[in-house]
Amino acid sequence: MQNQYSGGLQLQPLTPIDALTAIRYTEAGVARVNRVGGWECRRDDQVTFARQLLTACAAGALLTAAGLAQTPAEETDQIYLEAAELIEDRQSGVYIARGLVRLRAGQRVLFADELIYDPATGRVTARGNVRLHDGLLPAQIADEIVLDDEMEEGVAYGFATLLENNGRAAAAAAIRRPGGSVELRDAYYTACDLCEDESREPTWRLRAAEVTRDLDDEVIRYKDMSLEVAGLPVFYTPYFAHADPAAQRRSGFLLPAIDISNRLGFSYQQPYYWAISPYQDLVIAPRLMTEANPLLEFDYRRRFYSGEVNVEFSFTYEQEYTDGPDEDLQGEWRGDEEFRGHIFADGRFNFSPEWAWGFGLQAADDALFLRRYDYSEAPEESSTLFAFDQRTLISQLYVAGRGENYYTDISTVRFQRLSDNFDNDRLPIVAPLLRFSGDVPLPRGFGDIDVDFNAVALRRELGRDYIRASTGFEWSAPTTLPLGVRAEPFALARADAYSFNTVDRNGVELEQTNFTRGLGAAGVDISWPFLRPGQAFDTVIAPRAFFVSATGLDDDDIPLAAESETADLDRTSLFQVNRVGGYDLWEDGTRVDLGLSTSLEGRSALPWRTEAFVGRSYRTDGEPRLSESSGTFEDESDWVVEAEVATPWASLAARTRIDSQTSDRNRLDVLGTVSAWRVNLAATYTDIADPAAPAALEEFAASAEFAIANNWSATWTVVRDLDDSITRTTSAGLRYQDECTDFRIFWEREDLQIGDLGPSESIKFQIVLFTLGGIGED
């Protein structure tokens, strides 16, 4: 005999727990609602039909434990049940909710075609299109789930779920064991998108006879696991484990790095990630090489309440390596074996939101260690205050502060040049360098004042010592005059104090020099832009004139150029008071800088823009203070000419410096890019032909990327020394990248002679299976 109620019965909120709303069925099969106190209802009492059905919410616990959602089951005394039919089958002794079953408890909602409770066995069964939604987490899906009434054990058939970080798992059966562990039988795991019609295999997946997800240890374990690529098994292991995608940090092996080179032979590096604590971790990466002794690499990170520390170091026990002649890429190891290595470390800590201190440490055991073992000669990421060009390492300690109207820091710095032919005792130790800059706002219309203080002490084991202190201010007041003329008058004043010595080749002091000097300059920067709108394009013409007069200097007031850099005249530096970095050199006298820029911007459906600039400098009095190769040595400077054309798919930019006396081209830089269809191209050309330049250079560099097909791309780069007719570097690569995989293979050749290291050639492999981790050469 069956009692049945049709029409979509809904149990309203069961509140509070001592006032359970239940459905009571009479012998005549008529349903009515009673309120029953507490949970003491007898299981054999007919009035407990809904009470038994409510036990079916335990089905949600099965899916939650099996996969599964990571949020704990939400305790609630409000449960809602909806179904097309509610049936009590007295003959079989089961209770059934059938048709569009929807069971909700808190944020968890269970959908099924049918929900059955058997009091005799204590089993709850959800059958047909079973789906569990837990808040905003993805749905958990099964064909059928069965759970005991103690919610300790259960099984889901035809199970599938989406895990954190796009992980996906599916199994013929998912079994929950007492204690909460979950086993998947005949299962697989992947982070790749799956086709519902199975028309395409995932790029990769891990298939295993048995998979266990241990929520306590945050690890997934496999038995009899095979790695499938495009549906084909390529690797087998009887046991495998990786971190749960839901785990933020978990110790374990990462994917290896493999490369082949003429110097090191076949190289295999196997990283191991150690999650020491929630705030620190360490990657230990031994590297085995067929042509060199093993090398051990460490990468340590630690976060503190106020900052963080990052340390990368390596060491090996090996001889020195020397390459053969250019035509023979085979080199040799020579000398005694000894410990060699490198360290890159940096840290930064906050005193307050405005103040911080930090450090940086960069050192290598010998000048060629980094290049010999294919390390970058500068850290890829660093929180330090200063960074220098390659082939020079820098260690530093600093304190820095920044406010709304000021910035200041004090630091000490030491250098290491990566050259066997240079004595690092000749490089200075900066102890200390003090910098301060501040902005003093004035009443509206009066401009503002920038205040500056800078002091430095340079000390050498071999060579000159140098001390300087400078303080000054600069005032400017930009304004717009009638007819749209923009004028910015300015004035600056600075005082310098110097103390330095001169030494002979042996480092013996010959003379000590001390002096002070005062510097000042004033002028005005005027520009007058004109705009002409048009139907096809808009035109902007902007003439600019920069007038400056600076105080003169006696020869006794010019120190050794210990700080200043070599200047190269361009559009930016043309309109500056002092066109050289540092404090030592000073452009005195009076000059006017003139320039004219013109731009056209299209108004058609295909946007385009072109811009051109020409300018030069005229000195009316004063001595040339910059080098002959700067372009400003003569009273009439070199011509600066720049031009650019840009569209959405291509651009071309060029700049040149033309000699004021001979009209020869002293420098030319050209940059072009194309991005259309499946192709990205970039090329640069540099020609430094100034006879006064320290070294001539003519170089061409190009790169190309071609999207072969979906997810596949090829790359190519080249750097050609046109002076010596040598291709310095060449590389080519093939890459596959989709939502779950990043695979790259690179070939690279360098034709450079740096110390005892000559040309090199290598092939590098990198593979990353997302959610499984990966380390490779980049």
# chains A, B, ... in the order shown; residues from 1 in each chain; ligands from 1
>>> residues_around(residues="range 494-501 of chain A", least_positions_apart="2", cutoff="7 Å", atoms="only C-alpha atoms", output="count of residues only")
23
>>> residues_around(residues="Leu295 in chain A", least_positions_apart="4", cutoff="6 Å", atoms="only C-alpha atoms", output="list in words")
Pro286, Arg287, Phe315 and Thr316 of chain A
>>> write_last_selection(atoms="N, CA and C atoms", output="CSV table (one decimal), in the first residue's frame")
chain,number,residue,atom,x,y,z
A,286,PRO,N,68.6,20.2,-6.9
A,286,PRO,CA,69.9,19.7,-7.4
A,286,PRO,C,69.9,19.6,-8.9
A,287,ARG,N,71.1,19.8,-9.5
A,287,ARG,CA,71.2,19.8,-10.9
A,287,ARG,C,72.3,18.8,-11.3
A,315,PHE,N,75.8,26.3,-5.1
A,315,PHE,CA,77.2,26.0,-5.0
A,315,PHE,C,77.5,24.7,-5.6
A,316,THR,N,78.8,24.5,-6.0
A,316,THR,CA,79.3,23.3,-6.6
A,316,THR,C,80.7,23.1,-6.2
>>> closest_atom_pairs(of="range 524-578 of chain A", to="range 594-614 of chain A", cutoff="8 Å", atoms="only C-alpha atoms", output="JSON lines")
{"residue": "A:Gln535", "atom": "CA", "partner": "A:Arg603", "partner_atom": "CA", "distance": 7.1}
{"residue": "A:Ala536", "atom": "CA", "partner": "A:Arg603", "partner_atom": "CA", "distance": 5.5}
{"residue": "A:Phe537", "atom": "CA", "partner": "A:Gly602", "partner_atom": "CA", "distance": 4.2}
{"residue": "A:Asp538", "atom": "CA", "partner": "A:Glu601", "partner_atom": "CA", "distance": 5.3}
{"residue": "A:Thr539", "atom": "CA", "partner": "A:Leu600", "partner_atom": "CA", "distance": 4.8}
{"residue": "A:Val540", "atom": "CA", "partner": "A:Ser599", "partner_atom": "CA", "distance": 5.2}
{"residue": "A:Ile541", "atom": "CA", "partner": "A:Thr598", "partner_atom": "CA", "distance": 4.5}
{"residue": "A:Ala542", "atom": "CA", "partner": "A:Ser597", "partner_atom": "CA", "distance": 5.3}
{"residue": "A:Pro543", "atom": "CA", "partner": "A:Leu596", "partner_atom": "CA", "distance": 4.4}
{"residue": "A:Arg544", "atom": "CA", "partner": "A:Gly595", "partner_atom": "CA", "distance": 5.2}
{"residue": "A:Ala545", "atom": "CA", "partner": "A:Leu594", "partner_atom": "CA", "distance": 4.7}
{"residue": "A:Phe546", "atom": "CA", "partner": "A:Leu594", "partner_atom": "CA", "distance": 6.5}
>>> residues_around(residues="Arg678 in chain A", least_positions_apart="5", cutoff="8 Å", atoms="only C-alpha atoms", output="VMD selection string")
chain A and resid 706 to 708
>>> closest_residue(among="A:Asp374, A:Glu82, A:Glu312, A:Asp346", to="Asp299 in chain A", atoms="only C-alpha atoms")
A:Glu312
>>> atom_distance(atom1="CA of Asp214 in chain A", atom2="CA of Ser251 in chain A")
14.4 Å
>>> select_by_dssp(residues="range 288-510 of chain A", states="strand (DSSP E or B)", output="PyMOL selection string")
chain A and resi 288-289+292-303+307-322+332-350+355-364+392-402+406-417+429-441+448-459+466-476+479-480+486-503+509-510
>>> write_last_selection(atoms="C-alpha atoms", output="CSV table (one decimal), in the first residue's frame")
chain,number,residue,atom,x,y,z
A,288,LEU,CA,73.0,16.8,-12.5
A,289,MET,CA,75.2,17.4,-15.6
A,292,ALA,CA,80.2,18.9,-15.0
A,293,ASN,CA,80.0,18.0,-11.3
A,294,PRO,CA,76.6,18.3,-9.6
A,295,LEU,CA,75.3,21.7,-8.5
A,296,LEU,CA,72.9,22.4,-5.7
A,297,GLU,CA,70.5,25.4,-5.8
A,298,PHE,CA,68.3,26.8,-3.1
A,299,ASP,CA,65.6,29.4,-3.3
A,300,TYR,CA,64.3,30.5,0.2
A,301,ARG,CA,61.4,33.0,1.0
A,302,ARG,CA,60.1,34.2,4.3
A,303,ARG,CA,57.4,36.7,5.1
A,307,GLY,CA,58.3,42.7,5.3
A,308,GLU,CA,59.9,39.7,3.6
A,309,VAL,CA,63.3,38.1,2.7
A,310,ASN,CA,64.2,36.3,-0.5
A,311,VAL,CA,67.4,34.3,-0.9
A,312,GLU,CA,68.7,32.5,-4.0
A,313,PHE,CA,72.1,30.7,-3.7
A,314,SER,CA,73.9,27.8,-5.3
A,315,PHE,CA,77.2,26.0,-5.0
A,316,THR,CA,79.3,23.3,-6.6
A,317,TYR,CA,82.7,21.7,-6.2
A,318,GLU,CA,84.3,22.1,-9.6
A,319,GLN,CA,87.2,23.3,-11.7
A,320,GLU,CA,87.2,26.4,-13.9
A,321,TYR,CA,85.8,26.0,-17.4
A,322,THR,CA,87.5,27.3,-20.5
A,332,GLU,CA,87.8,22.0,-21.1
A,333,TRP,CA,87.9,22.1,-17.3
A,334,ARG,CA,91.2,23.1,-15.8
A,335,GLY,CA,92.8,23.9,-12.4
A,336,ASP,CA,91.9,22.5,-9.0
A,337,GLU,CA,88.4,21.6,-7.9
A,338,GLU,CA,87.1,23.9,-5.2
A,339,PHE,CA,83.8,25.2,-3.9
A,340,ARG,CA,82.2,27.8,-6.2
A,341,GLY,CA,78.8,29.5,-6.0
A,342,HIS,CA,76.7,32.6,-6.0
A,343,ILE,CA,74.1,34.3,-3.8
A,344,PHE,CA,71.3,36.8,-4.5
A,345,ALA,CA,69.4,38.0,-1.5
A,346,ASP,CA,67.1,40.9,-0.7
A,347,GLY,CA,64.7,42.0,2.0
A,348,ARG,CA,62.5,45.0,2.8
A,349,PHE,CA,60.8,45.8,6.1
A,350,ASN,CA,58.4,48.6,7.0
A,355,TRP,CA,59.4,54.4,6.3
A,356,ALA,CA,61.2,51.2,5.4
A,357,TRP,CA,64.6,49.7,5.5
A,358,GLY,CA,66.0,47.0,3.3
A,359,PHE,CA,69.1,45.2,2.0
A,360,GLY,CA,70.5,43.5,-1.0
A,361,LEU,CA,73.3,41.0,-1.4
A,362,GLN,CA,74.8,39.9,-4.7
A,363,ALA,CA,78.0,38.0,-4.9
A,364,ALA,CA,79.6,35.3,-7.1
A,392,THR,CA,78.1,44.3,-12.2
A,393,LEU,CA,76.7,43.0,-9.0
A,394,ILE,CA,75.6,45.3,-6.2
A,395,SER,CA,75.1,44.8,-2.5
A,396,GLN,CA,73.4,47.5,-0.5
A,397,LEU,CA,71.8,48.5,2.9
A,398,TYR,CA,69.3,51.4,3.0
A,399,VAL,CA,66.6,53.2,4.9
A,400,ALA,CA,64.0,55.1,2.9
A,401,GLY,CA,61.0,57.3,3.7
A,402,ARG,CA,58.3,58.8,1.5
A,406,TYR,CA,59.1,64.5,0.3
A,407,TYR,CA,61.3,61.5,-0.4
A,408,THR,CA,64.6,60.6,1.3
A,409,ASP,CA,66.9,57.7,1.7
A,410,ILE,CA,70.3,56.8,3.1
A,411,SER,CA,72.3,53.9,1.9
A,412,THR,CA,75.6,52.1,1.6
A,413,VAL,CA,76.6,50.2,-1.5
A,414,ARG,CA,79.4,47.9,-2.7
A,415,PHE,CA,80.0,46.7,-6.3
A,416,GLN,CA,81.5,43.6,-7.9
A,417,ARG,CA,82.4,43.7,-11.6
A,429,ILE,CA,82.4,51.6,-1.6
A,430,VAL,CA,79.6,54.0,-1.2
A,431,ALA,CA,79.4,54.9,2.5
A,432,PRO,CA,77.1,56.6,2.7
A,433,LEU,CA,74.8,58.1,0.0
A,434,LEU,CA,72.1,60.5,1.4
A,435,ARG,CA,69.3,61.8,-0.8
A,436,PHE,CA,66.4,64.1,0.0
A,437,SER,CA,63.9,65.8,-2.3
A,438,GLY,CA,60.9,67.8,-1.2
A,439,ASP,CA,58.2,69.9,-2.7
A,440,VAL,CA,57.2,73.3,-1.1
A,441,PRO,CA,53.8,74.5,-2.5
A,448,ASP,CA,56.2,75.7,-6.3
A,449,ILE,CA,59.7,75.1,-5.0
A,450,ASP,CA,61.6,71.8,-5.1
A,451,VAL,CA,64.3,71.4,-2.4
A,452,ASP,CA,67.1,68.9,-2.8
A,453,PHE,CA,70.0,67.6,-0.7
A,454,ASN,CA,72.5,65.0,-1.8
A,455,ALA,CA,75.7,63.8,-0.2
A,456,VAL,CA,78.0,60.9,-1.0
A,457,ALA,CA,81.3,59.4,0.1
A,458,LEU,CA,83.2,57.1,-2.2
A,459,ARG,CA,86.1,55.1,-0.8
A,466,TYR,CA,85.8,61.3,-3.0
A,467,ILE,CA,83.3,63.2,-0.8
A,468,ARG,CA,80.6,65.6,-1.9
A,469,ALA,CA,77.7,67.4,-0.3
A,470,SER,CA,75.1,69.4,-2.3
A,471,THR,CA,72.0,71.3,-1.4
A,472,GLY,CA,69.8,73.5,-3.6
A,473,PHE,CA,66.3,74.5,-4.7
A,474,GLU,CA,64.5,75.0,-7.9
A,475,TRP,CA,61.5,77.3,-8.5
A,476,SER,CA,59.1,77.1,-11.4
A,479,THR,CA,51.3,79.7,-16.7
A,480,THR,CA,49.2,80.2,-19.8
A,486,ARG,CA,52.5,78.4,-22.4
A,487,ALA,CA,55.3,79.9,-20.4
A,488,GLU,CA,57.2,78.4,-17.4
A,489,PRO,CA,59.8,80.6,-15.8
A,490,PHE,CA,62.3,78.9,-13.6
A,491,ALA,CA,65.3,79.5,-11.3
A,492,LEU,CA,67.6,77.3,-9.4
A,493,ALA,CA,70.5,77.7,-7.0
A,494,ARG,CA,72.9,75.0,-5.6
A,495,ALA,CA,75.9,74.9,-3.3
A,496,ASP,CA,78.5,72.1,-3.5
A,497,ALA,CA,81.3,71.1,-1.1
A,498,TYR,CA,84.0,68.7,-2.3
A,499,SER,CA,86.9,66.8,-0.8
A,500,PHE,CA,88.9,64.3,-2.9
A,501,ASN,CA,92.4,63.1,-3.5
A,502,THR,CA,94.7,62.0,-6.3
A,503,VAL,CA,96.8,58.9,-6.1
A,509,GLU,CA,98.1,59.7,-2.1
A,510,LEU,CA,99.7,62.6,-4.1
